[in-house]
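What follows is a single structure, written as structure tokens, with notes after it.
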Amino acid sequence: PGGYYCPSGASSVSSCASGTYSTDAASSCTSCAVGTYSSSTSSTCTSCAAGNFQSSTGSSSCTSCPSGYYCSTTGLSGYSTCSTGKYSSANAISCTDCSSGTYQSRTAQSSCTTCPDGHYSEAGWSSCYPNPTPFPSSIPSLIPTPFPSAKPTPFPTSKPSMIPTSLPTLIPTSSPTTSPSSTPTPHPSLRPSPLPTVSPSFLPTNLPSLNPSPLPTSIPSPLPTYTPTSVPSTRPTPIPTFIPTALPTQLPSTLPTPVPNFRSNS
């Protein structure tokens, strides 16, 4: 029968020892494979339960996974190591994250270490970080944090960020950009550009232009210009000019000329 064997020439059956098994009419017993075990007179071997392992053949029992390791399934011949930020006790089927306020920087550990005063950690962290200050630091930190800052720095960074933000900056840059933006903004700029634009604006401004326009305006200027235009004014000025015009006018002058008239009256 199973669990027994009949040696050649024997007059009686013998039982299989622990760690071996046999089927009916067997002439010998077979050792259990790795990851399994058996008791005496067994017809089959049993897989090691989760949390246990067996790396040898012909075993009568399984071995519990040691602390800092885990055995997740049945029939294992070895165990797996817990990573940093985790720990486990003996006979574990999985590793456990270190709780908030604790950390573990090494692998295969049975416990976690409490963060020192003034430091914090989240679950599963391998190290602790200094508690964030409610005030910005005057010196930037050389150690990056896993979370973004809640307050922007008042000083520009030495290198631009490679990650775009969803909010516009609250402080304009003091240096011009190398290329214009391809996306218009819904609000006008708070600071005028010191350089002229490539194309004229289609919206009027409340301030006069610093550069004269090559086209005549619809409203005359109240001040005389010292630069003649290529197009005559559509309205006369109420202020006399200091240089006479070379073209006659249709109306007589209201002021006498300091130069006598050389034409004699007939």
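Identifiers in this document derive from the order of the structure tokens: chains are assigned A, B, ..., residues are numbered from 1 separately in each chain, and ligands are numbered from 1 in order of occurrence.
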- Message: What's around stretch 26-33 of chain A at 7 Å? Count only C-alpha atoms, leave out sequence neighbours fewer than 6 positions away in its own chain, and write the answer as a ChimeraX atom specification.
- Response: /A:5-8,16,19-20,45,57-59
- Query: If we count only C-alpha atoms, what is near A:Asn52 at a cut-off of 9 Å, once residues fewer than 4 positions away on the same chain are taken out, given as a PyMOL selection string?
  - Reply: chain A and resi 35+48+62-66+70-79+91-93
- Item | A:Tyr120, A:Tyr87, A:Tyr37, A:Tyr69 ranked by distance to A:Gln54, top pick (using only C-alpha atoms) | A:Tyr37
- Task: Please provide as number ranges by chain all residues within 8 Å of A:Gly101, with the sequence filter that same-chain residues fewer than 3 positions apart are discarded (counting only C-alpha atoms).
- Result: A: 114-115, 120-123, 128
- Write out as a PyMOL selection string which residues come within 7 Å of A:Gly124 when counting only C-alpha atoms, dropping same-chain ones fewer than 2 positions away. chain A and resi 85-86+97-99+122+126
- Correct to one decimal, the distance atom CA of A:Ser67-atom CA of A:Ala108 is 7.4 Å
- Between atom CA of A:Ser14 and atom CA of A:Ser60, what is the spacing in Å? 18.0 Å
